[in-house]
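*Asks:* File final_16.cif below, mmCIF, C-alpha atoms:
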```cif
data_start
loop_
_atom_site.label_atom_id
_atom_site.label_comp_id
_atom_site.auth_asym_id
_atom_site.auth_seq_id
_atom_site.Cartn_x
_atom_site.Cartn_y
_atom_site.Cartn_z
CA MET B 53 22.69 -47.10 1.74
CA ILE B 54 24.46 -45.45 -1.19
CA HIS B 55 21.96 -47.03 -3.59
CA LYS B 56 19.04 -45.57 -1.59
CA GLU B 57 20.66 -42.12 -1.58
CA THR B 58 21.17 -42.33 -5.34
CA GLU B 59 17.51 -43.25 -5.88
CA SER B 60 16.48 -40.43 -3.56
CA ASP B 61 18.63 -37.93 -5.49
CA ALA B 62 17.24 -39.12 -8.82
CA TRP B 63 13.67 -38.73 -7.55
CA PHE B 64 14.46 -35.24 -6.23
CA TYR B 65 16.02 -34.06 -9.51
CA THR B 66 13.14 -35.55 -11.49
CA LEU B 67 10.70 -33.60 -9.32
CA ILE B 68 12.69 -30.37 -9.73
CA ARG B 69 12.78 -30.79 -13.51
CA ALA B 70 9.03 -31.46 -13.63
CA VAL B 71 8.27 -28.39 -11.50
CA SER B 72 10.61 -26.23 -13.60
CA ALA B 73 8.97 -27.43 -16.82
CA GLY B 74 5.47 -26.72 -15.51
CA LEU B 75 6.56 -23.33 -14.19
CA ALA B 76 8.14 -22.36 -17.52
CA HIS B 77 4.94 -23.16 -19.42
CA LEU B 78 2.78 -21.41 -16.81
CA ILE B 79 4.86 -18.24 -16.93
CA SER B 80 5.01 -18.20 -20.73
CA GLY B 81 1.21 -18.10 -20.81
CA ALA B 82 0.34 -16.09 -17.71
CA PHE B 83 2.88 -13.27 -18.15
CA PRO B 84 1.77 -12.22 -21.68
CA ALA B 85 -1.87 -12.64 -20.65
CA PHE B 86 -1.37 -10.26 -17.70
CA ILE B 87 0.40 -7.69 -19.89
CA ALA B 88 -2.41 -7.98 -22.45
CA PHE B 89 -4.92 -7.31 -19.66
CA LEU B 90 -3.02 -4.18 -18.62
CA SER B 91 -2.20 -2.80 -22.06
CA ARG B 92 -5.52 -3.69 -23.78
CA PRO B 93 -4.00 -4.04 -27.27
CA GLY B 94 -5.84 -2.07 -29.92
CA THR B 95 -6.83 0.84 -27.68
CA SER B 96 -3.81 2.88 -28.82
CA TRP B 97 -0.59 2.55 -30.79
CA PHE B 98 1.36 2.23 -27.56
CA SER B 99 -0.87 -0.59 -26.31
CA TRP B 100 0.50 -2.89 -29.02
CA HIS B 101 4.11 -2.44 -27.89
CA PRO B 102 4.10 -4.18 -24.47
CA PHE B 103 1.68 -6.82 -25.74
CA LEU B 104 3.68 -7.77 -28.85
CA MET B 105 7.05 -7.69 -27.10
CA THR B 106 5.81 -9.89 -24.26
CA VAL B 107 4.26 -12.35 -26.70
CA ALA B 108 7.52 -12.37 -28.70
CA PHE B 109 9.96 -13.03 -25.86
CA GLY B 110 7.74 -14.17 -23.01
CA PHE B 111 5.80 -16.75 -25.01
CA LEU B 112 7.07 -17.50 -28.53
CA MET B 113 10.81 -17.53 -27.89
CA THR B 114 10.40 -19.34 -24.58
CA GLN B 115 8.31 -22.07 -26.20
CA ALA B 116 10.70 -22.26 -29.15
CA ILE B 117 13.59 -23.12 -26.83
CA LEU B 118 11.55 -25.42 -24.58
CA LEU B 119 10.82 -27.60 -27.62
CA PHE B 120 14.31 -29.09 -27.22
CA SER B 121 13.97 -29.74 -23.50
CA PRO B 122 13.72 -33.47 -22.67
CA HIS B 123 11.50 -32.55 -19.71
CA ALA B 124 9.44 -29.55 -20.92
CA SER B 125 8.93 -30.08 -24.65
CA LEU B 126 5.31 -30.29 -25.76
CA ILE B 127 6.39 -32.39 -28.77
CA LYS B 128 9.09 -34.52 -27.14
CA ARG B 129 7.96 -37.66 -29.04
CA PHE B 130 8.50 -35.99 -32.41
CA PRO B 131 11.81 -36.38 -34.31
CA HIS B 132 14.51 -33.74 -33.87
CA LYS B 133 14.05 -32.52 -37.45
CA THR B 134 10.37 -31.72 -36.77
CA LYS B 135 11.31 -29.91 -33.57
CA GLY B 136 13.81 -27.87 -35.55
CA ARG B 137 11.19 -26.80 -38.10
CA VAL B 138 8.64 -25.87 -35.41
CA HIS B 139 11.39 -24.02 -33.50
CA TRP B 140 12.25 -21.98 -36.59
CA ILE B 141 8.57 -21.13 -37.23
CA LEU B 142 8.14 -19.95 -33.63
CA GLN B 143 11.33 -17.92 -33.88
CA GLY B 144 10.11 -16.36 -37.12
CA LEU B 145 6.85 -15.40 -35.39
CA CYS B 146 8.88 -14.06 -32.46
CA ALA B 147 10.95 -11.84 -34.78
CA SER B 148 7.78 -10.65 -36.55
CA CYS B 149 6.07 -9.71 -33.27
CA ALA B 150 9.23 -7.97 -32.06
CA VAL B 151 9.52 -5.90 -35.25
CA LEU B 152 5.82 -4.96 -35.10
CA GLY B 153 6.23 -4.02 -31.44
CA LEU B 154 9.17 -1.80 -32.36
CA VAL B 155 7.19 -0.18 -35.17
CA ALA B 156 4.25 0.47 -32.82
CA ILE B 157 6.33 2.25 -30.17
CA SER B 158 8.33 4.18 -32.78
CA TYR B 159 5.17 5.46 -34.45
CA ASN B 160 3.63 6.28 -31.07
CA LYS B 161 6.68 8.38 -30.15
CA TYR B 162 6.54 10.08 -33.55
CA LEU B 163 2.88 11.01 -33.01
CA ASN B 164 3.63 12.40 -29.56
CA GLY B 165 6.85 14.16 -30.54
CA LYS B 166 8.99 12.15 -28.14
CA ALA B 167 12.63 11.21 -28.56
CA HIS B 168 13.38 7.72 -29.85
CA PHE B 169 15.57 5.23 -27.95
CA SER B 170 16.37 7.71 -25.20
CA SER B 171 16.33 5.16 -22.35
CA TRP B 172 18.19 1.95 -21.55
CA HIS B 173 14.98 0.03 -22.21
CA GLY B 174 14.64 1.60 -25.65
CA LEU B 175 18.29 1.09 -26.61
CA LEU B 176 18.47 -2.49 -25.39
CA GLY B 177 15.11 -3.23 -26.99
CA LEU B 178 16.36 -1.99 -30.37
CA ILE B 179 19.50 -4.11 -30.08
CA THR B 180 17.44 -7.13 -29.06
CA VAL B 181 15.07 -6.83 -32.02
CA CYS B 182 18.02 -6.59 -34.42
CA VAL B 183 19.74 -9.58 -32.81
CA VAL B 184 16.62 -11.78 -32.85
CA CYS B 185 16.11 -11.07 -36.56
CA VAL B 186 19.74 -11.96 -37.33
CA GLN B 187 19.44 -15.06 -35.14
CA SER B 188 16.37 -16.25 -37.06
CA LEU B 189 18.05 -15.72 -40.44
CA ALA B 190 21.28 -17.35 -39.27
CA ALA B 191 19.31 -20.51 -38.43
CA VAL B 192 18.42 -21.14 -42.09
CA PRO B 193 21.66 -23.12 -42.76
CA LEU B 194 20.73 -25.44 -39.89
CA ILE B 195 17.58 -26.41 -41.81
CA TYR B 196 19.16 -26.30 -45.27
CA HIS B 197 22.72 -27.41 -44.53
CA SER B 198 23.73 -27.13 -48.20
CA LEU B 199 23.81 -23.34 -47.67
CA ALA B 200 26.71 -23.72 -45.23
CA LYS B 201 29.17 -25.85 -47.16
CA GLY B 202 32.44 -26.40 -45.33
CA TRP B 203 30.87 -25.84 -41.91
CA SER B 204 30.35 -28.59 -39.37
CA LEU B 205 26.66 -29.00 -38.52
CA ALA B 206 27.58 -29.78 -34.90
CA LYS B 207 29.56 -26.52 -34.62
CA LEU B 208 26.75 -24.52 -36.22
CA LYS B 209 24.29 -25.96 -33.69
CA ARG B 210 26.62 -25.07 -30.80
CA TYR B 211 27.06 -21.50 -32.03
CA HIS B 212 23.31 -21.17 -32.62
CA ALA B 213 22.49 -22.46 -29.12
CA ALA B 214 24.99 -20.09 -27.49
CA SER B 215 23.87 -17.04 -29.48
CA GLY B 216 20.24 -18.03 -28.94
CA LEU B 217 20.76 -18.04 -25.17
CA VAL B 218 22.33 -14.57 -25.37
CA THR B 219 19.37 -13.38 -27.46
CA PHE B 220 16.89 -14.78 -24.96
CA LEU B 221 18.72 -13.11 -22.06
CA LEU B 222 18.68 -9.81 -23.96
CA GLY B 223 14.94 -10.21 -24.46
CA SER B 224 14.38 -11.05 -20.78
CA THR B 225 16.43 -8.03 -19.69
CA SER B 226 14.47 -5.78 -22.05
CA LEU B 227 11.22 -7.07 -20.56
CA LEU B 228 12.53 -6.42 -17.05
CA LEU B 229 13.51 -2.86 -17.98
CA GLY B 230 10.04 -2.42 -19.47
CA LEU B 231 8.55 -3.34 -16.10
CA CYS B 232 10.48 -0.37 -14.66
CA SER B 233 8.79 2.06 -17.06
CA SER B 234 6.43 4.74 -15.79
CA TRP B 235 3.54 3.08 -17.68
CA PHE B 236 3.91 -0.22 -15.82
CA THR B 237 4.82 1.15 -12.38
CA ALA B 238 1.75 3.43 -12.52
CA SER B 239 -0.43 0.34 -12.84
CA VAL B 240 1.46 -2.21 -10.75
CA GLY B 241 3.37 -1.51 -7.56
CA GLY B 242 4.45 -2.98 -4.24
CA TYR B 243 4.76 -6.76 -3.89
CA ALA B 244 2.78 -7.29 -7.11
CA TRP B 245 5.57 -5.64 -9.10
CA TYR B 246 8.17 -8.03 -7.70
CA LEU B 247 5.90 -10.97 -8.42
CA VAL B 248 5.55 -9.93 -12.07
CA ALA B 249 9.29 -9.21 -12.31
CA LEU B 250 9.93 -12.80 -11.23
CA CYS B 251 8.32 -14.04 -14.47
CA PRO B 252 11.07 -13.09 -16.96
CA THR B 253 13.70 -13.74 -14.29
CA LEU B 254 12.60 -17.32 -13.58
CA SER B 255 12.16 -18.01 -17.29
CA ALA B 256 15.72 -16.86 -17.92
CA VAL B 257 17.06 -19.12 -15.15
CA ILE B 258 15.13 -22.15 -16.46
CA ILE B 259 16.25 -21.58 -20.06
CA MET B 260 19.88 -21.02 -18.98
CA ASN B 261 19.79 -24.28 -17.06
CA GLN B 262 18.32 -26.14 -20.06
CA VAL B 263 20.92 -24.87 -22.54
CA SER B 264 23.90 -25.29 -20.20
CA SER B 265 22.77 -28.80 -19.17
CA ALA B 266 22.45 -29.84 -22.82
CA TYR B 267 25.94 -28.49 -23.56
CA ILE B 268 27.47 -30.27 -20.55
CA ALA B 269 25.72 -33.52 -21.50
CA LYS B 270 27.17 -33.35 -25.02
CA LYS B 271 30.64 -32.63 -23.63
CA ARG B 272 30.43 -35.75 -21.45
CA LEU B 273 29.39 -37.88 -24.42
CA GLN B 274 32.32 -36.60 -26.47
CA SER B 275 34.87 -37.15 -23.67
#
```
Here is the file; what I need is its structure written in the form of structure tokens.
*Replies:*
Amino acid sequence: MIHKETESDAWFYTLIRAVSAGLAHLISGAFPAFIAFLSRPGTSWFSWHPFLMTVAFGFLMTQAILLFSPHASLIKRFPHKTKGRVHWILQGLCASCAVLGLVAISYNKYLNGKAHFSSWHGLLGLITVCVVCVQSLAAVPLIYHSLAKGWSLAKLKRYHAASGLVTFLLGSTSLLLGLCSSWFTASVGGYAWYLVALCPTLSAVIIMNQVSSAYIAKKRLQS
């Protein structure tokens, strides 16, 4: 009886992980695509801001972290070193898109004579862009360990994973605050708004679960 329950639990958790993995990939593609449809990038300076920021945090950073998931990685058969290189490339693209998105909105505000970083969305967005750039640069010693002599590679990876999760949560919160802007609420309202707001929320939950599960698993192996 206990053996059957254990098999049943294993099947259930396997199903949940598979659904979560599929949902994470679906959201990372559908959410930026929907924002691109609304903003129509290229029609104005402002139009580039929501598009680039959603691509940066909704797609690139999400996929960069999912690479290390044993259930959601698109390159799970590749060696860890290869995953690390691809992760760093995606993070570099994420930082580039985030900086360009910040430049676009800053220039748009300059053209329209509006105050810069006068809202929680603007302030948190600025902080997030700075943090993601630092996070990308701080990952260089993980690829070229000779640059971090005297530091344990295992500790560096732990610190990077923890700070990376914080960065992703900052990005997700910035996206959520962006969905509260007058631009977005003028286009999307009612139940549709809540449905769209679920995208960065669910992604954050899935990524948090992935990082925390990996940390707990390592703790068990060490104990």
*Asks:* Contacts of Leu75 of chain B at 9 Å or less, counting only C-alpha atoms, minus same-chain residues fewer than 3 places along, as a PyMOL selection string?
*Replies:* chain B and resi 70-72+78-80+254-255+258
*Asks:* Which is closest to Cys146 of chain B among B:Val183, B:His132, B:Asn160, B:Cys251, if we use all atoms listed in the file?
*Replies:*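 Closest to Cys146 of chain B of all the choices is B:Val183.
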*Asks:* For the structure shown, which residues end up in the PyMOL selection byres ((chain B and resi 222) around 10)? Put them as a list in words, please?
*Replies:*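 Applying the expression gives Phe109, Leu176, Gly177, Ile179, Thr180, Val181, Val183, Val184, Gly216, Leu217, Val218, Thr219, Phe220, Leu221, Gly223, Ser224, Thr225, Ser226, Leu227, Leu228 and Ala256 of chain B.
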*Asks:* Quote the spacing between atom CA of Trp100 of chain B and atom CA of Leu189 of chain B in Å to one decimal place.
*Replies:*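 Atom-to-atom, atom CA of Trp100 of chain B to atom CA of Leu189 of chain B, that is 24.6 Å.
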*Asks:* Could you work out how far atom CA of Thr106 of chain B lies from atom CA of Phe89 of chain B, giving the answer in Å with one decimal?
*Replies:*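 Going from atom CA of Phe89 of chain B over to atom CA of Thr106 of chain B, I get 12.0 Å.
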*Asks:* Once the PyMOL selection byres ((chain B and resi 206-211) around 12) has been evaluated on this model, what residues remain selected, and can you format them as a ChimeraX atom specification?
*Replies:* /B:136,187,190-197,199-205,212-218,263-264,266-268,270-271,274
*Asks:* Name the residues that the PyMOL selection byres ((chain B and resi 148) around 12) pulls out of this structure, and write them as a ChimeraX atom specification.
*Replies:* /B:104-105,107-109,112-113,141-147,149-155,181-182,184-185,188
*Asks:* Which residue gives the smallest distance to Lys135 of chain B among B:Phe83, B:Tyr162, B:Phe64, B:Phe120, with only C-alpha atoms counted?
*Replies:*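 Of B:Phe83, B:Tyr162, B:Phe64, B:Phe120, the one nearest Lys135 of chain B is B:Phe120, counting only C-alpha atoms.
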*Asks:* For segment 62-81 of chain B, what centre and edge lengths in Å (one decimal) does the axis-aligned box get once 3 Å is added on each side of all its listed atoms, as lines of an AutoDock Vina configuration file?
*Replies:*
```
center_x = 9.2
center_y = -28.6
center_z = -13.5
size_x = 22.0
size_y = 27.0
size_z = 20.6
```
*Asks:* With a cut-off of 10 Å, could you pull out the residues of segment 73-114 of chain B touching segment 233-245 of chain B and give me the nearest pair of atoms for each, distance in Å to one decimal, using all atoms listed in the file, ordered by chain and ascending number, as a tab-separated table?
*Replies:*
```
residue	atom	partner	partner_atom	distance
B:Ile87	CA	B:Phe236	CA	9.2
B:Leu90	CA	B:Ser239	CA	7.8
B:Ser91	CA	B:Phe236	CA	9.1
B:Pro102	CA	B:Phe236	CA	9.5
```
*Asks:* Between B:Ser125, B:Trp140, B:Ile117, B:Leu229, which residue has the minimum interatomic distance to Ser171 of chain B, considering all atoms listed in the file?
*Replies:*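 The answer is B:Leu229, which sits nearest to Ser171 of chain B.
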*Asks:* Which value, in Å to one decimal, gives the distance between atom CA of Ala249 of chain B and atom CA of Leu231 of chain B?
*Replies:*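 Taking atom CA of Ala249 of chain B and atom CA of Leu231 of chain B, their separation equals 7.0 Å.
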*Asks:* Rank B:Ile157, B:Ala73, B:Leu118, B:Ala82 by their smallest atom-to-atom distance to Ser96 of chain B, using only C-alpha atoms, and report the top residue only.
*Replies:*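 So, comparing all the options, the nearest one is B:Ile157.
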*Asks:* Given all atoms listed in the file as the basis, pick out the residue of B:Phe86, B:Leu163, B:Arg129, B:Trp97 nearest to Val248 of chain B.
*Replies:*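 Among the listed residues, B:Phe86 lies closest to Val248 of chain B.
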